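target.cif follows (mmCIF, C-alpha atoms):
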data_run
#
loop_
_atom_site.group_PDB
_atom_site.id
_atom_site.type_symbol
_atom_site.label_atom_id
_atom_site.label_comp_id
_atom_site.auth_asym_id
_atom_site.auth_seq_id
_atom_site.Cartn_x
_atom_site.Cartn_y
_atom_site.Cartn_z
ATOM 1 C CA MET A 1 9.928 34.230 -13.540
ATOM 2 C CA SER A 2 7.179 36.000 -15.490
ATOM 3 C CA ILE A 3 4.018 34.256 -16.593
ATOM 4 C CA GLU A 4 1.336 35.374 -19.059
ATOM 5 C CA ASN A 5 -2.344 34.752 -18.375
ATOM 6 C CA LEU A 6 -4.106 33.360 -21.447
ATOM 7 C CA SER A 7 -7.582 32.680 -20.065
ATOM 8 C CA CYS A 8 -9.670 32.716 -16.901
ATOM 9 C CA ASN A 9 -13.009 30.993 -16.336
ATOM 10 C CA LYS A 10 -15.074 30.864 -13.132
ATOM 11 C CA SER A 11 -15.813 27.272 -12.172
ATOM 12 C CA PHE A 12 -17.621 26.009 -9.048
ATOM 13 C CA GLY A 13 -16.755 29.224 -7.247
ATOM 14 C CA GLY A 14 -13.078 28.944 -8.144
ATOM 15 C CA TRP A 15 -11.040 29.842 -11.200
ATOM 16 C CA ASN A 16 -9.752 27.768 -14.090
ATOM 17 C CA LYS A 17 -6.824 29.630 -15.617
ATOM 18 C CA GLN A 18 -4.294 29.036 -18.379
ATOM 19 C CA TYR A 19 -0.797 30.540 -18.516
ATOM 20 C CA SER A 20 2.318 30.504 -20.662
ATOM 21 C CA HIS A 21 5.932 31.131 -19.707
ATOM 22 C CA ASP A 22 9.483 30.728 -20.947
ATOM 23 C CA SER A 23 10.971 27.476 -19.641
ATOM 24 C CA SER A 24 14.687 27.296 -18.911
ATOM 25 C CA ALA A 25 14.491 23.520 -18.490
ATOM 26 C CA LEU A 26 12.903 22.986 -21.892
ATOM 27 C CA ASN A 27 14.306 25.959 -23.825
ATOM 28 C CA CYS A 28 10.928 26.919 -25.243
ATOM 29 C CA ARG A 29 7.632 28.583 -24.407
ATOM 30 C CA MET A 30 5.441 26.338 -22.264
ATOM 31 C CA ARG A 31 1.805 26.363 -21.212
ATOM 32 C CA PHE A 32 0.009 25.082 -18.126
ATOM 33 C CA ALA A 33 -3.487 25.188 -16.654
ATOM 34 C CA ILE A 34 -4.336 25.724 -12.995
ATOM 35 C CA TYR A 35 -7.547 25.404 -11.019
ATOM 36 C CA LEU A 36 -7.733 27.531 -7.874
ATOM 37 C CA PRO A 37 -10.538 26.649 -5.422
ATOM 38 C CA PRO A 38 -12.823 29.315 -3.914
ATOM 39 C CA LYS A 39 -11.065 29.422 -0.544
ATOM 40 C CA VAL A 40 -8.014 31.182 -1.998
ATOM 41 C CA ALA A 41 -10.193 34.314 -2.311
ATOM 42 C CA SER A 42 -10.121 34.622 1.487
ATOM 43 C CA GLY A 43 -6.330 34.570 1.556
ATOM 44 C CA GLU A 44 -5.849 30.884 2.316
ATOM 45 C CA ARG A 45 -3.077 28.896 0.701
ATOM 46 C CA VAL A 46 -3.940 25.419 -0.551
ATOM 47 C CA PRO A 47 -2.047 22.232 -1.463
ATOM 48 C CA VAL A 48 -1.542 21.240 -5.088
ATOM 49 C CA LEU A 49 -2.270 18.146 -7.146
ATOM 50 C CA TYR A 50 -0.079 17.953 -10.246
ATOM 51 C CA TRP A 51 -1.795 16.151 -13.119
ATOM 52 C CA LEU A 52 0.232 14.631 -15.980
ATOM 53 C CA SER A 53 -1.678 13.810 -19.153
ATOM 54 C CA GLY A 54 -1.085 11.137 -21.753
ATOM 55 C CA LEU A 55 0.010 10.797 -25.366
ATOM 56 C CA THR A 56 -1.259 13.500 -27.768
ATOM 57 C CA CYS A 57 -2.737 15.546 -24.906
ATOM 58 C CA THR A 58 -2.075 19.144 -23.872
ATOM 59 C CA ASP A 59 -2.730 21.052 -20.650
ATOM 60 C CA GLU A 60 -6.385 21.342 -21.692
ATOM 61 C CA ASN A 61 -7.577 17.714 -21.861
ATOM 62 C CA PHE A 62 -7.857 17.064 -18.143
ATOM 63 C CA MET A 63 -9.321 20.461 -17.278
ATOM 64 C CA HIS A 64 -11.985 20.176 -19.979
ATOM 65 C CA LYS A 65 -12.943 16.498 -19.697
ATOM 66 C CA ALA A 66 -12.246 15.068 -16.233
ATOM 67 C CA GLY A 67 -14.871 16.992 -14.245
ATOM 68 C CA ALA A 68 -12.450 17.536 -11.375
ATOM 69 C CA GLN A 69 -13.255 21.147 -10.482
ATOM 70 C CA ARG A 70 -16.383 20.489 -8.430
ATOM 71 C CA ILE A 71 -14.618 18.192 -5.972
ATOM 72 C CA ALA A 72 -11.433 20.276 -5.953
ATOM 73 C CA ALA A 73 -13.559 23.298 -5.009
ATOM 74 C CA GLU A 74 -15.157 21.374 -2.166
ATOM 75 C CA LEU A 75 -11.856 20.030 -0.867
ATOM 76 C CA GLY A 76 -9.850 23.233 -1.201
ATOM 77 C CA LEU A 77 -7.324 21.682 -3.587
ATOM 78 C CA ALA A 78 -5.481 23.380 -6.447
ATOM 79 C CA ILE A 79 -4.815 21.368 -9.602
ATOM 80 C CA VAL A 80 -1.973 22.095 -12.014
ATOM 81 C CA ALA A 81 -1.966 20.470 -15.469
ATOM 82 C CA PRO A 82 1.174 21.098 -17.554
ATOM 83 C CA ASP A 83 1.555 20.350 -21.243
ATOM 84 C CA THR A 84 2.924 16.911 -22.110
ATOM 85 C CA SER A 85 6.074 18.016 -23.938
ATOM 86 C CA PRO A 86 8.062 20.976 -25.208
ATOM 87 C CA ARG A 87 6.556 22.493 -28.355
ATOM 88 C CA GLY A 88 7.440 24.888 -31.154
ATOM 89 C CA ASP A 89 8.890 25.060 -34.636
ATOM 90 C CA GLU A 90 12.422 24.632 -33.284
ATOM 91 C CA VAL A 91 11.525 21.617 -31.120
ATOM 92 C CA ALA A 92 12.341 18.170 -32.508
ATOM 93 C CA ASN A 93 9.349 16.094 -33.535
ATOM 94 C CA ASP A 94 8.391 12.763 -35.091
ATOM 95 C CA GLU A 95 5.662 11.685 -37.489
ATOM 96 C CA GLY A 96 4.339 9.171 -34.958
ATOM 97 C CA TYR A 97 1.898 10.227 -32.237
ATOM 98 C CA ASP A 98 3.943 8.325 -29.640
ATOM 99 C CA LEU A 99 7.242 10.225 -29.956
ATOM 100 C CA GLY A 100 8.173 13.894 -29.956
ATOM 101 C CA GLN A 101 5.740 16.735 -29.391
ATOM 102 C CA GLY A 102 2.829 15.529 -27.266
ATOM 103 C CA ALA A 103 4.864 12.516 -26.156
ATOM 104 C CA GLY A 104 7.598 13.720 -23.808
ATOM 105 C CA PHE A 105 7.307 10.685 -21.490
ATOM 106 C CA TYR A 106 8.457 12.883 -18.568
ATOM 107 C CA VAL A 107 12.129 11.941 -19.005
ATOM 108 C CA ASN A 108 15.345 13.931 -19.391
ATOM 109 C CA ALA A 109 16.509 13.060 -22.893
ATOM 110 C CA THR A 110 20.217 12.436 -23.375
ATOM 111 C CA GLU A 111 20.223 11.702 -27.117
ATOM 112 C CA ALA A 112 20.271 14.239 -29.971
ATOM 113 C CA PRO A 113 18.140 15.901 -31.230
ATOM 114 C CA TRP A 114 15.852 15.378 -28.263
ATOM 115 C CA ASN A 115 18.249 16.470 -25.513
ATOM 116 C CA ARG A 116 18.049 20.146 -26.487
ATOM 117 C CA HIS A 117 14.430 20.470 -25.329
ATOM 118 C CA TYR A 118 13.070 17.222 -23.886
ATOM 119 C CA ARG A 119 13.827 17.548 -20.180
ATOM 120 C CA MET A 120 10.311 17.048 -18.870
ATOM 121 C CA TYR A 121 11.528 15.310 -15.716
ATOM 122 C CA ASP A 122 13.380 18.445 -14.601
ATOM 123 C CA TYR A 123 10.462 20.628 -15.632
ATOM 124 C CA ILE A 124 7.885 18.699 -13.607
ATOM 125 C CA THR A 125 9.993 18.034 -10.514
ATOM 126 C CA ASP A 126 11.751 21.375 -10.193
ATOM 127 C CA GLU A 127 10.945 24.295 -12.498
ATOM 128 C CA LEU A 128 7.146 24.063 -12.553
ATOM 129 C CA PRO A 129 6.622 23.665 -8.763
ATOM 130 C CA LYS A 130 8.904 26.635 -8.121
ATOM 131 C CA LEU A 131 6.917 28.676 -10.630
ATOM 132 C CA ILE A 132 3.572 27.667 -9.122
ATOM 133 C CA GLU A 133 4.636 28.272 -5.528
ATOM 134 C CA ALA A 134 6.090 31.690 -6.396
ATOM 135 C CA ASN A 135 3.027 32.968 -8.271
ATOM 136 C CA PHE A 136 -0.075 31.393 -6.698
ATOM 137 C CA PRO A 137 -1.575 31.047 -3.195
ATOM 138 C CA VAL A 138 -0.447 27.459 -2.666
ATOM 139 C CA THR A 139 1.592 25.590 -0.073
ATOM 140 C CA ASP A 140 4.524 23.259 -0.712
ATOM 141 C CA GLN A 141 2.323 20.236 0.040
ATOM 142 C CA ARG A 142 1.998 18.287 -3.195
ATOM 143 C CA ALA A 143 0.405 15.189 -4.670
ATOM 144 C CA ILE A 144 0.784 13.886 -8.207
ATOM 145 C CA SER A 145 -1.441 11.934 -10.590
ATOM 146 C CA GLY A 146 -1.801 11.186 -14.279
ATOM 147 C CA HIS A 147 -3.200 9.056 -17.080
ATOM 148 C CA SER A 148 -1.492 6.554 -19.387
ATOM 149 C CA MET A 149 1.882 8.128 -20.319
ATOM 150 C CA GLY A 150 1.115 10.633 -17.559
ATOM 151 C CA GLY A 151 0.342 7.804 -15.167
ATOM 152 C CA HIS A 152 3.798 6.450 -15.933
ATOM 153 C CA GLY A 153 5.185 9.929 -15.266
ATOM 154 C CA ALA A 154 3.338 10.408 -11.999
ATOM 155 C CA LEU A 155 4.354 7.039 -10.570
ATOM 156 C CA MET A 156 7.945 7.308 -11.730
ATOM 157 C CA ILE A 157 8.398 10.859 -10.446
ATOM 158 C CA ALA A 158 6.816 10.097 -7.065
ATOM 159 C CA LEU A 159 8.868 6.930 -6.648
ATOM 160 C CA ARG A 160 12.067 8.825 -7.396
ATOM 161 C CA ASN A 161 11.116 11.802 -5.209
ATOM 162 C CA PRO A 162 9.034 10.484 -2.292
ATOM 163 C CA GLU A 163 10.027 13.439 -0.111
ATOM 164 C CA ARG A 164 8.296 15.848 -2.505
ATOM 165 C CA TYR A 165 4.831 14.248 -2.590
ATOM 166 C CA ARG A 166 2.305 13.124 0.001
ATOM 167 C CA SER A 167 0.635 10.636 -2.342
ATOM 168 C CA VAL A 168 0.524 9.431 -5.948
ATOM 169 C CA SER A 169 -2.178 8.002 -8.172
ATOM 170 C CA ALA A 170 -2.639 6.982 -11.790
ATOM 171 C CA PHE A 171 -5.284 5.966 -14.288
ATOM 172 C CA SER A 172 -4.265 3.272 -16.767
ATOM 173 C CA PRO A 173 -0.521 3.910 -16.397
ATOM 174 C CA ILE A 174 2.213 2.562 -18.642
ATOM 175 C CA SER A 175 3.504 0.497 -15.747
ATOM 176 C CA ASN A 176 6.520 -1.223 -17.316
ATOM 177 C CA PRO A 177 7.861 0.876 -20.226
ATOM 178 C CA LEU A 178 10.968 -1.303 -20.533
ATOM 179 C CA ASN A 179 8.720 -4.081 -21.801
ATOM 180 C CA CYS A 180 6.066 -2.432 -23.964
ATOM 181 C CA PRO A 181 6.171 -0.936 -27.486
ATOM 182 C CA TRP A 182 5.350 2.635 -26.433
ATOM 183 C CA GLY A 183 8.049 2.660 -23.796
ATOM 184 C CA GLN A 184 10.692 0.925 -25.887
ATOM 185 C CA LYS A 185 10.216 3.373 -28.772
ATOM 186 C CA ALA A 186 10.334 6.469 -26.573
ATOM 187 C CA LEU A 187 13.096 5.415 -24.198
ATOM 188 C CA SER A 188 15.407 4.203 -26.972
ATOM 189 C CA ALA A 189 14.965 7.517 -28.818
ATOM 190 C CA TYR A 190 15.339 9.773 -25.782
ATOM 191 C CA LEU A 191 17.900 7.789 -23.769
ATOM 192 C CA GLY A 192 19.736 5.586 -26.265
ATOM 193 C CA SER A 193 20.126 1.843 -26.519
ATOM 194 C CA ASP A 194 21.570 1.176 -23.056
ATOM 195 C CA GLN A 195 18.589 -0.148 -21.153
ATOM 196 C CA ALA A 196 20.321 0.419 -17.819
ATOM 197 C CA ALA A 197 19.389 4.090 -18.225
ATOM 198 C CA TRP A 198 15.773 3.179 -18.896
ATOM 199 C CA ARG A 199 15.359 1.573 -15.488
ATOM 200 C CA ASP A 200 15.346 4.969 -13.765
ATOM 201 C CA TYR A 201 12.105 5.740 -15.613
ATOM 202 C CA ASP A 202 10.225 2.455 -15.092
ATOM 203 C CA ALA A 203 7.654 2.466 -12.279
ATOM 204 C CA SER A 204 7.677 -1.316 -11.869
ATOM 205 C CA VAL A 205 11.456 -1.359 -11.427
ATOM 206 C CA LEU A 206 11.373 1.605 -9.061
ATOM 207 C CA MET A 207 8.499 0.274 -6.947
ATOM 208 C CA ARG A 208 10.263 -3.053 -6.478
ATOM 209 C CA GLN A 209 13.377 -1.384 -5.070
ATOM 210 C CA SER A 210 11.939 1.691 -3.333
ATOM 211 C CA GLU A 211 12.841 2.129 0.333
ATOM 212 C CA ALA A 212 10.862 5.303 1.091
ATOM 213 C CA LYS A 213 7.166 4.657 0.466
ATOM 214 C CA ILE A 214 4.186 6.955 -0.061
ATOM 215 C CA PRO A 215 0.541 5.933 -0.555
ATOM 216 C CA ALA A 216 -0.262 4.960 -4.149
ATOM 217 C CA ARG A 217 -3.511 4.288 -5.974
ATOM 218 C CA VAL A 218 -3.972 2.937 -9.524
ATOM 219 C CA ASP A 219 -7.261 2.458 -11.371
ATOM 220 C CA GLN A 220 -7.411 0.319 -14.501
ATOM 221 C CA GLY A 221 -10.294 -0.482 -16.840
ATOM 222 C CA ASP A 222 -10.529 -4.131 -17.817
ATOM 223 C CA ASP A 223 -11.811 -3.241 -21.322
ATOM 224 C CA ASP A 224 -8.875 -0.928 -22.004
ATOM 225 C CA GLU A 225 -7.691 -1.568 -25.562
ATOM 226 C CA PHE A 226 -4.061 -1.047 -24.500
ATOM 227 C CA LEU A 227 -4.173 -3.182 -21.371
ATOM 228 C CA ALA A 228 -2.232 -6.302 -22.360
ATOM 229 C CA GLU A 229 0.300 -4.892 -24.810
ATOM 230 C CA GLN A 230 1.129 -1.463 -23.382
ATOM 231 C CA LEU A 231 0.007 -0.998 -19.771
ATOM 232 C CA LYS A 232 0.853 -4.212 -17.880
ATOM 233 C CA PRO A 233 -0.515 -3.360 -14.410
ATOM 234 C CA GLU A 234 0.301 -6.891 -13.284
ATOM 235 C CA THR A 235 4.012 -6.008 -13.304
ATOM 236 C CA LEU A 236 3.384 -3.042 -11.019
ATOM 237 C CA GLU A 237 1.248 -5.185 -8.725
ATOM 238 C CA ALA A 238 3.975 -7.840 -8.558
ATOM 239 C CA ALA A 239 6.566 -5.180 -7.710
ATOM 240 C CA ALA A 240 4.379 -3.792 -4.932
ATOM 241 C CA ASN A 241 3.797 -7.245 -3.490
ATOM 242 C CA ALA A 242 7.512 -8.055 -3.585
ATOM 243 C CA ASN A 243 8.409 -4.865 -1.716
ATOM 244 C CA ASP A 244 5.343 -4.521 0.532
ATOM 245 C CA TYR A 245 4.619 -1.214 -1.171
ATOM 246 C CA PRO A 246 1.327 0.521 -0.171
ATOM 247 C CA LEU A 247 -0.352 0.267 -3.585
ATOM 248 C CA GLU A 248 -4.114 0.153 -4.053
ATOM 249 C CA LEU A 249 -4.877 -1.362 -7.476
ATOM 250 C CA HIS A 250 -8.520 -1.072 -8.513
ATOM 251 C CA ARG A 251 -9.764 -2.902 -11.607
ATOM 252 C CA HIS A 252 -13.027 -1.882 -13.259
ATOM 253 C CA PRO A 253 -14.960 -4.218 -15.597
ATOM 254 C CA GLY A 254 -16.272 -2.598 -18.769
ATOM 255 C CA TYR A 255 -14.179 0.587 -18.656
ATOM 256 C CA ASP A 256 -11.785 1.617 -21.426
ATOM 257 C CA HIS A 257 -8.834 4.027 -21.796
ATOM 258 C CA SER A 258 -10.856 7.192 -22.351
ATOM 259 C CA TYR A 259 -11.682 10.257 -20.280
ATOM 260 C CA PHE A 260 -15.102 8.688 -19.636
ATOM 261 C CA PHE A 261 -13.172 6.306 -17.373
ATOM 262 C CA ILE A 262 -11.234 9.124 -15.708
ATOM 263 C CA ALA A 263 -14.370 11.181 -15.117
ATOM 264 C CA SER A 264 -16.047 8.156 -13.504
ATOM 265 C CA PHE A 265 -13.398 7.800 -10.779
ATOM 266 C CA ILE A 266 -11.694 11.181 -10.481
ATOM 267 C CA GLU A 267 -13.607 11.973 -7.297
ATOM 268 C CA ALA A 268 -12.168 8.866 -5.617
ATOM 269 C CA HIS A 269 -8.660 9.950 -6.618
ATOM 270 C CA LEU A 270 -9.094 13.514 -5.379
ATOM 271 C CA ARG A 271 -10.449 12.303 -2.044
ATOM 272 C CA PHE A 272 -7.574 9.809 -1.799
ATOM 273 C CA HIS A 273 -5.090 12.642 -2.154
ATOM 274 C CA ALA A 274 -7.068 14.980 0.095
ATOM 275 C CA GLY A 275 -6.865 12.449 2.896
ATOM 276 C CA HIS A 276 -3.074 12.364 2.681
ATOM 277 C CA LEU A 277 -2.841 16.149 2.334
ATOM 278 C CA GLY A 278 -4.849 16.672 5.514
ATOM 279 C CA LEU A 279 -7.919 18.087 3.757
ATOM 280 C CA GLU A 280 -10.348 15.365 4.883
#
Reformat the file's structure so that it appears as structure tokens.
Amino acid sequence: MSIENLSCNKSFGGWNKQYSHDSSALNCRMRFAIYLPPKVASGERVPVLYWLSGLTCTDENFMHKAGAQRIAAELGLAIVAPDTSPRGDEVANDEGYDLGQGAGFYVNATEAPWNRHYRMYDYITDELPKLIEANFPVTDQRAISGHSMGGHGALMIALRNPERYRSVSAFSPISNPLNCPWGQKALSAYLGSDQAAWRDYDASVLMRQSEAKIPARVDQGDDDEFLAEQLKPETLEAAANANDYPLELHRHPGYDHSYFFIASFIEAHLRFHAGHLGLE
């Protein structure tokens, strides 16, 4: 599968690059960013952290705002940040910021018009890792993380595919999309009115019933403006407690939903994953 390099910037001895490619899963041109640490220059292959961003974001938000490259360079960890949805003039969209382009919710849509392009679950779990592992000096050791809608995606994908990831983490995730306005709007549009189908994409439901378990970390700001109505970390915590799931839930007074919060604790997340990837 061919990829086109769009940019390359040296960063902490490594390289921050952006690429585009034709996606068979999404039936459109897609873009992703990748950070490669300095050690790949000596021929070493490194594990990968996949980062899933939130509503309205692209592949650029995390790479530009999180300040992750310094620690990734030190640890010898690659980071891949895909876009948050299919895009293009032919791709279905909505006037709201919380549905359509920029709001893929990391599901495989079954309802028209969304089902033609919105298969982000397949893209993240299958097509993108194959592309990365075929074109870059990385191993098949993976971790996954994300923020808000992307935190929902990271948790849900890891819980459904524990054999594919060594660890999972999230900042301010949408923990129970079945029971919040963002989730109800997106899941009803993409999957239809039968809520039985929604359960496969709800981290709180999945964590409560998961048999295979991988280490999980969630950080949540207590001054997050979306905390009570949209995020509901208490449901995820209750699910973990009911199933003895290895979840670390860290609450932080005074922090909100922004990238200032992510930048404050990204080092802790990268070191969490590095420990489970054998880098520390």
**Request:** Name all residues at most 9 Å from Phe272 of chain A (count only C-alpha atoms; drop same-chain ones fewer than 4 positions away) and give them as a PyMOL selection string.
**Result:** chain A and resi 167+169+217+267-268+276-277
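Shortest separation to Leu52 of chain A among A:Thr84, A:Gln101, A:Ser7, A:Gln69 occurs at residue A:Thr84, atoms counted being only C-alpha atoms.
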**Prompt:** How far is it from atom CA of Ser175 of chain A to atom CA of Gly278 of chain A, in Å with one decimal?
**Reply:**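 Computing the Euclidean distance for atom CA of Ser175 of chain A and atom CA of Gly278 of chain A yields 28.0 Å.
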**Request:** Could you give me, as an NGL selection string, the residues within 12 Å of Gly275 of chain A, counting all atoms listed in the file and dropping anything in the same chain fewer than 4 positions from it?
**Result:** :A and (47 or 75-77 or 143 or 166-168 or 215 or 268-271 or 279-280)
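Interatomic distance, atom CA of Ala203 of chain A to atom CA of His152 of chain A: 6.6 Å.
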So which residues get picked by the PyMOL selection byres ((chain A and resi 254-265) around 8) here, written as a compact mmCIF listing (two decimals) with C-alpha atoms, in the frame of the given file?
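As written to disk, out-v7.txt reads:
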# COMPACT_ATOMS: atom_id res chain seq x y z
CA LYS A 65 -12.94 16.50 -19.70
CA ALA A 66 -12.25 15.07 -16.23
CA GLY A 67 -14.87 16.99 -14.24
CA ALA A 68 -12.45 17.54 -11.38
CA PHE A 171 -5.28 5.97 -14.29
CA SER A 172 -4.26 3.27 -16.77
CA GLN A 220 -7.41 0.32 -14.50
CA GLY A 221 -10.29 -0.48 -16.84
CA ASP A 222 -10.53 -4.13 -17.82
CA ASP A 223 -11.81 -3.24 -21.32
CA ASP A 224 -8.88 -0.93 -22.00
CA GLU A 225 -7.69 -1.57 -25.56
CA PHE A 226 -4.06 -1.05 -24.50
CA HIS A 252 -13.03 -1.88 -13.26
CA PRO A 253 -14.96 -4.22 -15.60
CA ILE A 266 -11.69 11.18 -10.48
CA GLU A 267 -13.61 11.97 -7.30
CA ALA A 268 -12.17 8.87 -5.62
CA HIS A 269 -8.66 9.95 -6.62
**Item:** Nearest residue to Met156 of chain A from the set A:Leu206, A:Leu247, A:Val46, A:Leu36 (distances using all atoms listed in the file)
**Value:** A:Leu206
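When all atoms listed in the file are used to compute distances to Thr56 of chain A, the closest of the residues A:Ile79, A:Leu99, A:Ala238, A:Val91 turns out to be A:Leu99.
Closest approach to Glu133 of chain A among A:Val80, A:Asp244, A:Cys180, A:Val218: A:Val80, based on all atoms listed in the file.
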**Request:** Find the spatial neighbours of Arg45 of chain A, counting only C-alpha atoms, within a cut-off of 10 Å - ignore same-chain residues fewer than 4 positions away - and output them as a list of chain:residue names.
**Result:**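 After dropping sequence-adjacent residues, the list is A:Leu36, A:Pro37, A:Lys39, A:Val40, A:Ala41, A:Gly76, A:Leu77, A:Ala78, A:Glu133, A:Phe136, A:Pro137, A:Val138, A:Thr139, A:Asp140.
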**Message:** At a cut-off of 12 Å, using all atoms listed in the file, what residues contact Trp51 of chain A? Leave out same-chain residues fewer than 2 positions from it and give the result as a ChimeraX atom specification.
**Reply:** /A:32-35,48-49,53-54,57-63,66,68,78-84,124,128,142-155,157,168-171,266,269-270,273
**Message:** Which residues are near segment 111-116 of chain A? Cut-off 9 Å, only C-alpha atoms, ignore same chain within fewer than 5 positions. Put them as a VMD selection string.
**Reply:** chain A and resid 26 to 27 91 to 93 100 188 to 192
